[in-house]
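Undergrad: The following block contains the structure, expressed as structure tokens.
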Amino acid sequence: MPLEVAAHAGFCMGVKRAVEAAEKVAQSGKPACTLGELIHNPQVVEELASQGVPPVRSPEEAAGRMVLIRSHGVPPETLEALRTLGCEVADLTCPFVEKLHRIVAEGSSDGTPVILVGERDHPEVRGTAGWAHSQVYTVTSPEEAEALPVMDHAIAAAQTTFPPDRWEAVIAMLEKKVRRLEKHCTICSATETRQREAKELAERADAMIVVGGRNSANTQKLYAACKARCPRTILVERAADIPS
């Protein structure tokens, strides 16, 4: 049976940038750690830990070491806490996430409410909410958007890995709830490309294998998109997960 691999399979620019930077720090021998998992890929996290760059859960655990900020980003108060503890900080936040932070910070500077379209418990969304200067609402579906209060003015932005079709559906509802809605589609181009390719492959494949971390929101979205079009879709985190 022929095997076709998506043209853009593999790490996106932001993740590749973070991993390469972390590997250089590991090679330097400098005491270092990542605040949370650098990326949602267990093999990469384990390999970095074996090289002396383990993940930690809080700024306090990082004291005395260089701290790498993961690609998902963190709120400004976390950066301040690290600097207060005397940590050297290497900010490896994905450029697309940094853009999202700027939009939220600038758009809410006058008190305008922020509506984040994404998964409220995802580290990127939690980190982004911390950059707002106003009320933040998080919605992940048209139904949740419909439950929001009626607003005169608000800005809406998306988790960078949010499915584009779901973004459009949520925005359609938000336009009914907010009289002046400033829309910022902050979904990264890599996400759009990979989701489009995955759907196209799944529509013509007999079986699909989605390779990625099980705790990765992006991987789970790719898996769901493929499964909807190709019932014989499996999610593989490690080689041992592949059925014999």
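Residue names in the structure tokens use chain letters A, B, ... in the order shown, residue numbers from 1 in each chain, and ligand numbers from 1 in the order shown.
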Give me the residues within 12 Å of Arg196 in chain A as a list of chain:residue names, counting only C-alpha atoms and dropping any in the same chain fewer than 4 places off.
TA: A:Ala6, A:Ala7, A:His8, A:Ala9, A:Pro163, A:Pro164, A:Asp165, A:Ser189, A:Ala190, A:Thr191, A:Glu192, A:Glu200, A:Leu201, A:Ala202, A:Glu203, A:Lys221, A:Leu222, A:Ala225, A:Cys226
Undergrad: Could you please write out, as a ChimeraX atom specification, every residue of range 93-220 of chain A that DSSP assigns to alpha helix (DSSP H)?
TA: /A:95-107,123-129,142-146,164-177,189-204,217-220
Undergrad: Near Gly111 in chain A, within 12 Å and counting only C-alpha atoms, which residues show up once chain neighbours fewer than 3 positions away are dropped, as a list in words?
TA: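 Here the qualifying residues turn out to be Val104, Ala105, Glu106, Gly107, Ser108, Val114, Ala132, His133, Ser134, Gln135, Val136, His153, Ala154 and Ile155 of chain A.
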Undergrad: Need the shell around Gly213 in chain A: protein/DNA/RNA residues with any atom at most 6 Å away, counting only C-alpha atoms. Skip same-chain ones fewer than 2 positions apart. Format as a ChimeraX atom specification?
TA: /A:40-41,215-216,237
Undergrad: Could those residues be written to a file, using all heavy atoms, as a short mmCIF file (atom, residue, chain, number, x, y, z; two decimals), in the first residue's frame?
TA:
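This is the output file again_24.cif:
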data_model
loop_
_atom_site.label_atom_id
_atom_site.label_comp_id
_atom_site.auth_asym_id
_atom_site.auth_seq_id
_atom_site.Cartn_x
_atom_site.Cartn_y
_atom_site.Cartn_z
N HIS A 40 4.27 20.63 23.02
CA HIS A 40 3.49 19.46 23.38
C HIS A 40 3.93 18.25 22.55
O HIS A 40 3.22 17.76 21.67
CB HIS A 40 1.99 19.73 23.19
CG HIS A 40 1.41 20.57 24.28
ND1 HIS A 40 0.30 21.36 24.12
CD2 HIS A 40 1.79 20.73 25.57
CE1 HIS A 40 0.02 21.98 25.26
NE2 HIS A 40 0.92 21.61 26.14
N ASN A 41 5.16 17.82 22.82
CA ASN A 41 5.73 16.65 22.15
C ASN A 41 6.58 15.92 23.19
O ASN A 41 7.64 16.42 23.58
CB ASN A 41 6.58 17.09 20.96
CG ASN A 41 7.15 15.91 20.18
OD1 ASN A 41 7.98 15.17 20.70
ND2 ASN A 41 6.74 15.76 18.93
N ASN A 215 -1.37 15.31 24.13
CA ASN A 215 -1.81 16.50 24.88
C ASN A 215 -1.67 17.77 24.07
O ASN A 215 -1.80 18.88 24.60
CB ASN A 215 -1.04 16.62 26.19
CG ASN A 215 0.46 16.84 25.97
OD1 ASN A 215 0.98 16.52 24.91
ND2 ASN A 215 1.14 17.36 26.97
N SER A 216 -1.42 17.63 22.77
CA SER A 216 -1.33 18.79 21.87
C SER A 216 -2.70 19.11 21.30
O SER A 216 -3.32 18.28 20.64
CB SER A 216 -0.34 18.50 20.74
OG SER A 216 -0.49 19.44 19.69
N GLU A 237 1.53 8.67 19.01
CA GLU A 237 2.45 9.54 19.72
C GLU A 237 3.88 9.00 19.66
O GLU A 237 4.84 9.74 19.61
CB GLU A 237 2.00 9.66 21.19
CG GLU A 237 2.80 10.67 21.98
CD GLU A 237 2.20 10.88 23.37
OE1 GLU A 237 2.35 9.98 24.23
OE2 GLU A 237 1.57 11.93 23.58
#
Undergrad: Give the answer as one residue: which of A:Glu46, A:Cys188, A:Met173, A:Leu68 has the shortest atom-to-atom distance to Met13 in chain A, using only C-alpha atoms?
TA: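 For Met13 in chain A, the nearest of the given residues is A:Cys188.
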Undergrad: Write out as a VMD selection string each polymer residue whose atoms come within 12 Å of Leu148 in chain A, counting only C-alpha atoms; drop sequence neighbours fewer than 5 positions from it.
TA: chain A and resid 113 to 115 136 to 143 154 170 173 to 178
Undergrad: Could you take the residues named above and write them with all heavy atoms, as a tab-separated table (two decimals), in the first residue's frame?
TA:
chain	number	residue	atom	x	y	z
A	113	PRO	N	-13.64	45.27	25.99
A	113	PRO	CA	-13.62	43.85	26.32
A	113	PRO	C	-12.95	43.01	25.23
A	113	PRO	O	-12.98	43.37	24.05
A	113	PRO	CB	-15.11	43.49	26.45
A	113	PRO	CG	-15.79	44.78	26.69
A	113	PRO	CD	-15.01	45.80	25.94
A	114	VAL	N	-12.35	41.90	25.66
A	114	VAL	CA	-11.68	40.98	24.74
A	114	VAL	C	-12.43	39.66	24.72
A	114	VAL	O	-12.79	39.12	25.77
A	114	VAL	CB	-10.22	40.73	25.19
A	114	VAL	CG1	-9.56	39.65	24.33
A	114	VAL	CG2	-9.41	42.02	25.13
A	115	ILE	N	-12.65	39.14	23.52
A	115	ILE	CA	-13.25	37.81	23.36
A	115	ILE	C	-12.20	36.93	22.70
A	115	ILE	O	-11.82	37.15	21.55
A	115	ILE	CB	-14.53	37.85	22.51
A	115	ILE	CG1	-15.55	38.80	23.12
A	115	ILE	CG2	-15.12	36.44	22.39
A	115	ILE	CD1	-16.77	39.04	22.23
A	136	VAL	N	-12.11	39.74	29.99
A	136	VAL	CA	-11.81	38.75	28.95
A	136	VAL	C	-12.86	37.64	28.99
A	136	VAL	O	-13.15	37.08	30.05
A	136	VAL	CB	-10.41	38.12	29.16
A	136	VAL	CG1	-10.15	37.06	28.08
A	136	VAL	CG2	-9.33	39.18	29.12
A	137	TYR	N	-13.43	37.36	27.84
A	137	TYR	CA	-14.35	36.24	27.68
A	137	TYR	C	-13.68	35.21	26.77
A	137	TYR	O	-13.01	35.58	25.79
A	137	TYR	CB	-15.66	36.69	27.03
A	137	TYR	CG	-16.41	37.76	27.78
A	137	TYR	CD1	-16.21	39.11	27.48
A	137	TYR	CD2	-17.31	37.44	28.78
A	137	TYR	CE1	-16.89	40.10	28.15
A	137	TYR	CE2	-18.02	38.42	29.47
A	137	TYR	CZ	-17.79	39.76	29.15
A	137	TYR	OH	-18.47	40.74	29.82
A	138	THR	N	-13.86	33.93	27.07
A	138	THR	CA	-13.30	32.87	26.22
A	138	THR	C	-14.44	31.99	25.74
A	138	THR	O	-15.24	31.50	26.55
A	138	THR	CB	-12.27	32.02	26.98
A	138	THR	OG1	-11.24	32.87	27.49
A	138	THR	CG2	-11.65	30.98	26.05
A	139	VAL	N	-14.51	31.80	24.43
A	139	VAL	CA	-15.55	30.94	23.86
A	139	VAL	C	-14.91	29.98	22.86
A	139	VAL	O	-13.90	30.30	22.24
A	139	VAL	CB	-16.65	31.76	23.16
A	139	VAL	CG1	-17.35	32.67	24.15
A	139	VAL	CG2	-16.08	32.58	22.00
A	140	THR	N	-15.52	28.83	22.71
A	140	THR	CA	-14.98	27.84	21.78
A	140	THR	C	-16.00	27.35	20.77
A	140	THR	O	-15.69	26.53	19.92
A	140	THR	CB	-14.39	26.64	22.56
A	140	THR	OG1	-13.64	25.81	21.68
A	140	THR	CG2	-15.49	25.82	23.20
A	141	SER	N	-17.23	27.87	20.85
A	141	SER	CA	-18.28	27.41	19.95
A	141	SER	C	-19.32	28.52	19.77
A	141	SER	O	-19.40	29.46	20.58
A	141	SER	CB	-18.98	26.18	20.53
A	141	SER	OG	-19.70	26.54	21.72
A	142	PRO	N	-20.14	28.42	18.71
A	142	PRO	CA	-21.22	29.41	18.53
A	142	PRO	C	-22.18	29.43	19.72
A	142	PRO	O	-22.70	30.49	20.09
A	142	PRO	CB	-21.92	28.93	17.25
A	142	PRO	CG	-20.86	28.19	16.50
A	142	PRO	CD	-20.05	27.49	17.57
A	143	GLU	N	-22.40	28.27	20.34
A	143	GLU	CA	-23.30	28.19	21.49
A	143	GLU	C	-22.77	29.00	22.67
A	143	GLU	O	-23.52	29.71	23.35
A	143	GLU	CB	-23.51	26.73	21.89
A	143	GLU	CG	-24.28	25.88	20.90
A	143	GLU	CD	-23.46	25.51	19.66
A	143	GLU	OE1	-22.20	25.54	19.73
A	143	GLU	OE2	-24.07	25.19	18.63
A	154	ALA	N	-16.34	45.30	21.26
A	154	ALA	CA	-15.41	44.28	21.75
A	154	ALA	C	-14.45	43.92	20.64
A	154	ALA	O	-14.72	44.17	19.45
A	154	ALA	CB	-16.17	43.04	22.22
A	170	VAL	N	-18.03	30.90	14.93
A	170	VAL	CA	-18.13	31.66	16.17
A	170	VAL	C	-18.29	33.15	15.87
A	170	VAL	O	-19.11	33.84	16.49
A	170	VAL	CB	-16.89	31.42	17.05
A	170	VAL	CG1	-16.88	32.37	18.25
A	170	VAL	CG2	-16.85	29.97	17.55
A	173	MET	N	-21.77	34.29	15.03
A	173	MET	CA	-22.62	34.47	16.20
A	173	MET	C	-22.25	35.75	16.96
A	173	MET	O	-23.11	36.50	17.41
A	173	MET	CB	-22.54	33.26	17.12
A	173	MET	CG	-23.36	33.39	18.40
A	173	MET	SD	-25.12	33.72	18.10
A	173	MET	CE	-25.62	32.15	17.37
A	174	LEU	N	-20.94	36.00	17.09
A	174	LEU	CA	-20.50	37.18	17.83
A	174	LEU	C	-21.00	38.47	17.17
A	174	LEU	O	-21.29	39.46	17.86
A	174	LEU	CB	-18.97	37.22	17.92
A	174	LEU	CG	-18.33	36.19	18.86
A	174	LEU	CD1	-16.81	36.31	18.80
A	174	LEU	CD2	-18.81	36.38	20.30
A	175	GLU	N	-21.10	38.46	15.86
A	175	GLU	CA	-21.58	39.66	15.16
A	175	GLU	C	-23.04	39.97	15.51
A	175	GLU	O	-23.50	41.09	15.31
A	175	GLU	CB	-21.40	39.48	13.66
A	175	GLU	CG	-19.93	39.56	13.24
A	175	GLU	CD	-19.72	39.33	11.76
A	175	GLU	OE1	-20.50	38.55	11.17
A	175	GLU	OE2	-18.76	39.91	11.21
A	176	LYS	N	-23.74	38.98	16.04
A	176	LYS	CA	-25.11	39.19	16.48
A	176	LYS	C	-25.17	39.70	17.93
A	176	LYS	O	-26.19	40.23	18.37
A	176	LYS	CB	-25.92	37.89	16.38
A	176	LYS	CG	-26.02	37.33	14.98
A	176	LYS	CD	-26.76	35.99	14.99
A	176	LYS	CE	-26.82	35.39	13.59
A	176	LYS	NZ	-27.51	34.05	13.59
A	177	LYS	N	-24.06	39.52	18.66
A	177	LYS	CA	-24.03	39.88	20.08
A	177	LYS	C	-23.31	41.20	20.34
A	177	LYS	O	-23.51	41.81	21.39
A	177	LYS	CB	-23.32	38.77	20.88
A	177	LYS	CG	-23.93	37.39	20.75
A	177	LYS	CD	-25.28	37.30	21.45
A	177	LYS	CE	-25.16	37.40	22.94
A	177	LYS	NZ	-26.42	37.12	23.65
A	178	VAL	N	-22.43	41.60	19.41
A	178	VAL	CA	-21.61	42.79	19.62
A	178	VAL	C	-21.87	43.79	18.50
A	178	VAL	O	-21.71	43.47	17.32
A	178	VAL	CB	-20.11	42.43	19.65
A	178	VAL	CG1	-19.28	43.68	19.95
A	178	VAL	CG2	-19.83	41.34	20.69
Undergrad: Write out as a PyMOL selection string which residues come within 10 Å of Val15 in chain A when counting only C-alpha atoms, dropping same-chain ones fewer than 5 positions away.
TA: chain A and resi 10+20-21+38-40+70-72+92-95
